[in-house]
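Colleague: Data file final.cif (mmCIF, C-alpha atoms) is appended below.
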data_upload
#
loop_
_atom_site.label_atom_id
_atom_site.label_comp_id
_atom_site.auth_asym_id
_atom_site.auth_seq_id
_atom_site.Cartn_x
_atom_site.Cartn_y
_atom_site.Cartn_z
CA MET A 177 16.60 0.91 -2.41
CA ILE A 178 16.02 0.34 -6.10
CA ILE A 179 13.73 -2.28 -7.58
CA LEU A 180 15.38 -3.34 -10.82
CA PRO A 181 13.22 -3.49 -13.95
CA HIS A 182 13.58 -7.27 -14.35
CA ARG A 183 12.27 -7.74 -10.77
CA GLU A 184 9.37 -5.35 -11.44
CA LYS A 185 8.46 -7.46 -14.48
CA PHE A 186 8.75 -10.65 -12.41
CA ILE A 187 6.45 -9.28 -9.70
CA ASN A 188 3.96 -7.91 -12.20
CA LYS A 189 3.90 -11.19 -14.14
CA HIS A 190 3.40 -13.46 -11.14
CA PHE A 191 1.42 -11.35 -8.66
CA PHE A 192 -0.31 -8.43 -10.41
CA GLU A 193 -3.93 -8.56 -11.57
CA LEU A 194 -4.13 -12.33 -11.61
CA SER A 195 -7.92 -12.17 -11.52
CA ILE A 196 -8.14 -10.59 -14.97
CA LYS A 197 -5.65 -12.79 -16.82
CA GLU A 198 -7.15 -15.21 -19.28
CA GLU A 199 -5.93 -18.43 -17.68
CA ASP A 200 -6.81 -19.39 -14.14
CA THR A 201 -3.73 -18.03 -12.44
CA VAL A 202 -3.14 -18.39 -8.75
CA PRO A 203 -0.29 -16.80 -6.82
CA ASP A 204 2.69 -19.05 -6.18
CA LEU A 205 4.02 -19.08 -2.60
CA LYS A 206 7.30 -20.59 -3.77
CA LEU A 207 7.88 -17.61 -6.11
CA PHE A 208 6.74 -15.20 -3.40
CA LYS A 209 9.44 -16.50 -1.06
CA THR A 210 12.09 -15.27 -3.54
CA LEU A 211 11.09 -11.63 -2.90
CA ASN A 212 13.13 -9.46 -0.57
CA ALA A 213 11.57 -6.90 1.81
CA TYR A 214 11.81 -4.07 -0.74
CA GLU A 215 10.16 -6.18 -3.43
CA GLN A 216 7.40 -7.06 -0.97
CA PHE A 217 6.78 -3.32 -0.48
CA TYR A 218 6.66 -2.79 -4.25
CA LEU A 219 4.21 -5.70 -4.56
CA ALA A 220 1.99 -4.27 -1.80
CA GLU A 221 2.15 -0.82 -3.38
CA THR A 222 1.07 -2.02 -6.83
CA TYR A 223 -1.22 -4.84 -5.72
CA ASN A 224 -4.75 -5.04 -7.11
CA TRP A 225 -7.04 -5.70 -4.12
CA ASP A 226 -9.55 -7.33 -6.49
CA ASP A 227 -7.16 -10.29 -6.50
CA GLY A 228 -8.01 -10.96 -2.84
CA THR A 229 -5.89 -10.78 0.27
CA GLU A 230 -3.92 -14.03 0.08
CA VAL A 231 -0.70 -12.44 -1.20
CA LEU A 232 -1.05 -9.55 1.26
CA LYS A 233 -1.36 -12.11 4.10
CA TRP A 234 1.83 -13.77 2.87
CA ILE A 235 3.57 -10.40 3.09
CA ILE A 236 2.31 -9.69 6.62
CA GLU A 237 3.27 -13.18 7.79
CA SER A 238 6.71 -13.03 6.20
CA PRO A 239 9.58 -12.80 8.70
CA ILE A 240 11.15 -10.08 6.51
CA CYS A 241 8.03 -7.89 6.31
CA ASP A 242 9.01 -4.28 6.99
CA LYS A 243 6.97 -1.92 9.19
CA GLY A 244 6.60 0.40 6.20
CA THR A 245 5.07 -2.41 4.15
CA ALA A 246 2.67 -3.41 6.93
CA SER A 247 1.64 0.24 7.35
CA LEU A 248 1.15 0.62 3.59
CA ILE A 249 -1.12 -2.44 3.49
CA PHE A 250 -3.07 -1.30 6.56
CA TRP A 251 -3.80 2.20 5.28
CA SER A 252 -4.41 1.04 1.69
CA ALA A 253 -7.25 -1.15 3.00
CA GLU A 254 -9.14 1.98 4.12
CA PRO A 255 -9.55 0.68 7.68
CA ASP A 256 -12.09 3.32 8.71
CA PHE A 257 -14.70 1.36 6.74
CA TYR A 258 -14.26 -1.53 9.19
CA PHE A 259 -14.23 0.43 12.46
CA ASP A 260 -17.91 -0.21 13.21
CA TYR A 261 -17.58 -3.97 12.78
CA THR A 262 -16.54 -6.88 14.95
CA GLU A 263 -15.70 -10.42 13.93
CA LYS A 264 -19.37 -11.32 14.48
CA THR A 265 -20.90 -8.39 12.58
CA ILE A 266 -18.62 -8.19 9.52
CA VAL A 267 -20.16 -9.51 6.29
CA ASP A 268 -18.53 -12.58 4.76
CA TYR A 269 -17.10 -10.91 1.65
CA GLU A 270 -15.26 -8.33 3.82
CA LYS A 271 -13.97 -10.86 6.37
CA ASP A 272 -10.59 -11.47 4.71
CA THR A 273 -9.70 -7.76 4.74
CA PHE A 274 -11.08 -7.40 8.28
CA ASP A 275 -8.85 -10.30 9.42
CA LEU A 276 -5.83 -8.85 7.62
CA LEU A 277 -6.27 -5.49 9.36
CA GLN A 278 -6.69 -7.15 12.74
CA LYS A 279 -3.53 -9.21 12.16
CA ILE A 280 -1.54 -6.05 11.36
CA ILE A 281 -2.80 -4.30 14.50
CA LYS A 282 -1.97 -7.34 16.63
CA LYS A 283 1.53 -7.68 15.14
CA TYR A 284 2.20 -3.96 15.69
CA LYS A 285 1.02 -4.18 19.31
CA ASN A 286 3.23 -7.23 19.90
CA SER A 287 6.26 -5.59 18.19
CA GLU A 288 6.43 -8.42 15.66
CA PHE A 289 7.59 -6.25 12.76
CA ASN A 290 11.31 -6.05 13.49
CA ARG A 291 12.49 -4.13 10.44
CA SER A 292 11.98 -0.46 9.63
CA LYS A 293 14.09 0.22 6.57
CA ILE A 294 11.36 1.38 4.20
CA LYS A 295 9.84 4.83 4.55
CA PHE A 296 6.06 5.11 4.46
CA ASP A 297 3.99 8.07 5.62
CA PRO A 298 0.25 7.32 5.57
CA THR A 299 -0.68 11.01 5.58
CA LEU A 300 1.33 11.68 2.42
CA HIS A 301 -0.77 9.02 0.72
CA GLY A 302 -4.00 10.80 1.61
CA ASN A 303 -4.88 8.76 4.67
CA LYS A 304 -6.44 10.25 7.75
CA THR A 305 -4.76 8.63 10.75
CA ASP A 306 -6.53 10.27 13.68
CA TRP A 307 -9.74 8.27 13.47
CA LYS A 308 -11.67 7.84 16.70
CA THR A 309 -12.87 4.30 17.24
CA GLU A 310 -15.34 3.00 19.77
CA LEU A 311 -14.47 -0.70 19.63
CA ASP A 312 -11.38 -1.91 21.50
CA ILE A 313 -10.41 -4.22 18.64
CA TRP A 314 -9.77 -1.11 16.53
CA GLU A 315 -7.37 0.56 18.93
CA ILE A 316 -4.65 1.49 16.46
CA PRO A 317 -1.14 1.62 17.93
CA ASP A 318 0.48 5.07 17.74
CA GLU A 319 3.42 3.59 15.85
CA LEU A 320 1.06 2.50 13.05
CA ARG A 321 -0.32 6.04 12.76
CA LYS A 322 3.15 7.61 12.33
CA PRO A 323 5.55 7.58 9.36
CA THR A 324 8.02 4.73 9.36
CA LYS A 325 11.74 5.38 9.23
CA GLY A 326 13.85 4.25 6.34
CA SER A 327 14.51 5.04 2.73
CA GLU A 328 12.09 5.52 -0.11
CA LEU A 329 11.71 2.75 -2.61
CA ILE A 330 12.75 3.58 -6.16
CA SER A 331 11.37 1.69 -9.11
CA LEU A 332 11.08 2.46 -12.78
CA SER A 333 7.30 2.77 -12.47
CA ASN A 334 7.68 5.21 -9.52
CA ILE A 335 10.15 7.29 -11.51
CA LYS A 336 7.79 7.37 -14.49
CA MET A 337 4.94 8.43 -12.22
CA LYS A 338 7.02 11.22 -10.63
CA ILE A 339 8.14 12.49 -14.04
CA SER A 340 4.57 12.43 -15.28
CA HIS A 341 3.40 14.36 -12.21
CA TRP A 342 6.24 16.88 -12.61
CA CYS A 343 5.27 17.42 -16.29
CA TYR A 344 1.63 17.83 -15.33
CA VAL A 345 2.42 20.42 -12.62
CA ARG A 346 4.78 22.23 -14.99
CA LYS A 347 2.06 22.34 -17.65
CA LEU A 348 -0.46 23.73 -15.13
CA LYS A 349 1.96 26.43 -14.01
CA LYS A 350 2.68 27.38 -17.60
CA ARG A 351 -1.06 27.60 -18.29
CA GLU A 352 -1.55 29.79 -15.20
CA ARG A 353 1.26 32.14 -16.32
CA ARG A 354 -0.36 32.50 -19.74
CA LYS A 355 -3.74 33.22 -18.14
CA ALA A 356 -2.17 35.84 -15.87
CA LYS A 357 -0.33 37.38 -18.83
CA ARG A 358 -3.56 37.61 -20.86
CA LYS A 359 -5.40 39.06 -17.89
CA ASN A 360 -2.71 41.73 -17.39
CA ALA A 361 -2.76 42.57 -21.10
CA THR A 362 -6.46 43.49 -21.01
#
The structure in this file should be written as structure tokens.
Modeller:
Amino acid sequence: MIILPHREKFINKHFFELSIKEEDTVPDLKLFKTLNAYEQFYLAETYNWDDGTEVLKWIIESPICDKGTASLIFWSAEPDFYFDYTEKTIVDYEKDTFDLLQKIIKKYKNSEFNRSKIKFDPTLHGNKTDWKTELDIWEIPDELRKPTKGSELISLSNIKMKISHWCYVRKLKKRERRKAKRKNAT
């Protein structure tokens, strides 16, 4: 699925880095409700966690939230940090993220995410998924540890990032070939 540039701009304007904009900007639930499941994934993927978890909770509670989006949010929160905590031992400033993670686990266990149209593989995003946990509340469902089925999201910013990465890798390979050529010449 493709996120069109005008929708990227809309999402970035209304939901991205609200905490650093000059005016006191708060997310608008009415505008959020205009997003489709793919746009919710894009929002979760680009979201600045410094803005708090309110918008991420809206996504998780949305009836159109995709399993891929829920998995993305879960693994982006770096859940291993929270594995030693319970509701009683978590510090106040981490409570919102703790609650969000617990809500995702609960919804996965209860099969409340009905859609799986967006592909997300936590291991391809650098996440370790085989964490051992001692507390029952952190028993992560197997389905949440595995890649979700579906198609990859395509957006202009993702394309730019992939092109930039391709150019970087190409440049490194070219540099390595020159080094090897110089080494062979001596």
Colleague: Applied to the shown file, which residues does the PyMOL selection byres ((chain A and resi 277) around 9) return, written as a PyMOL selection string?
Modeller: chain A and resi 249-250+253+255+258+272-276+278-282
Colleague: Return the single residue from A:Gln216, A:Asn224, A:Thr324, A:Ser331 that is closest to A:Leu194, with distances computed using only C-alpha atoms.
Modeller: A:Asn224
Colleague: What is the atom CA of A:Lys209-atom CA of A:Ile240 distance in Å, reported with one decimal?
Modeller: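 One can read the atom CA of A:Lys209 to atom CA of A:Ile240 distance as 10.1 Å.
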Colleague: Tell me which of A:Thr262, A:Thr362, A:Ser292, A:Thr299 sits closest to A:Ile313, counting all atoms listed in the file.
Modeller: A:Thr262
Colleague: Atom CA of A:Trp251 to atom CA of A:Lys322: how many Å, to one decimal?
Modeller: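 Value for the atom CA of A:Trp251-atom CA of A:Lys322 distance: 11.3 Å.
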Colleague: Please evaluate the PyMOL selection byres ((chain A and resi 191) around 9) against the structure above and give the resulting residues as an MDAnalysis selection string.
Modeller: chainID A and resid 186:190 192:194 202:204 208 219 223:224 227 231
Colleague: Hey, what comes out of the PyMOL selection byres ((chain A and resi 297) around 12) on this file? Could you write it as a VMD selection string?
Modeller: chain A and resid 243 to 252 294 to 296 298 to 305 319 to 328
Colleague: Just the number, please: distance in Å from atom CA of A:Ile339 to atom CA of A:Tyr214, one decimal.
Modeller: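 Computing the Euclidean distance for atom CA of A:Ile339 and atom CA of A:Tyr214 yields 21.6 Å.
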Colleague: Using all atoms listed in the file, can you tell me which of A:Glu288, A:Glu184, A:Asp226, A:Glu310 comes closest to A:Glu270?
Modeller: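 The answer is A:Asp226, which sits nearest to A:Glu270.
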Colleague: May I ask which of the residues A:Asn290, A:Ser340, A:Asn360, A:Ser333 is the closest one to A:Ile236, counting only C-alpha atoms?
Modeller: A:Asn290
Colleague: Just checking: using only C-alpha atoms, which residue out of A:Asn212, A:Glu263, A:Gly228, A:Leu205 ends up closest to A:Leu311?
Modeller: A:Glu263
Colleague: Ranking A:Trp307, A:Arg353, A:Ser195, A:Phe217 by minimum distance to A:Ile178 and counting all atoms listed in the file, which one comes first?
Modeller: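 For A:Ile178, the nearest of the given residues is A:Phe217.
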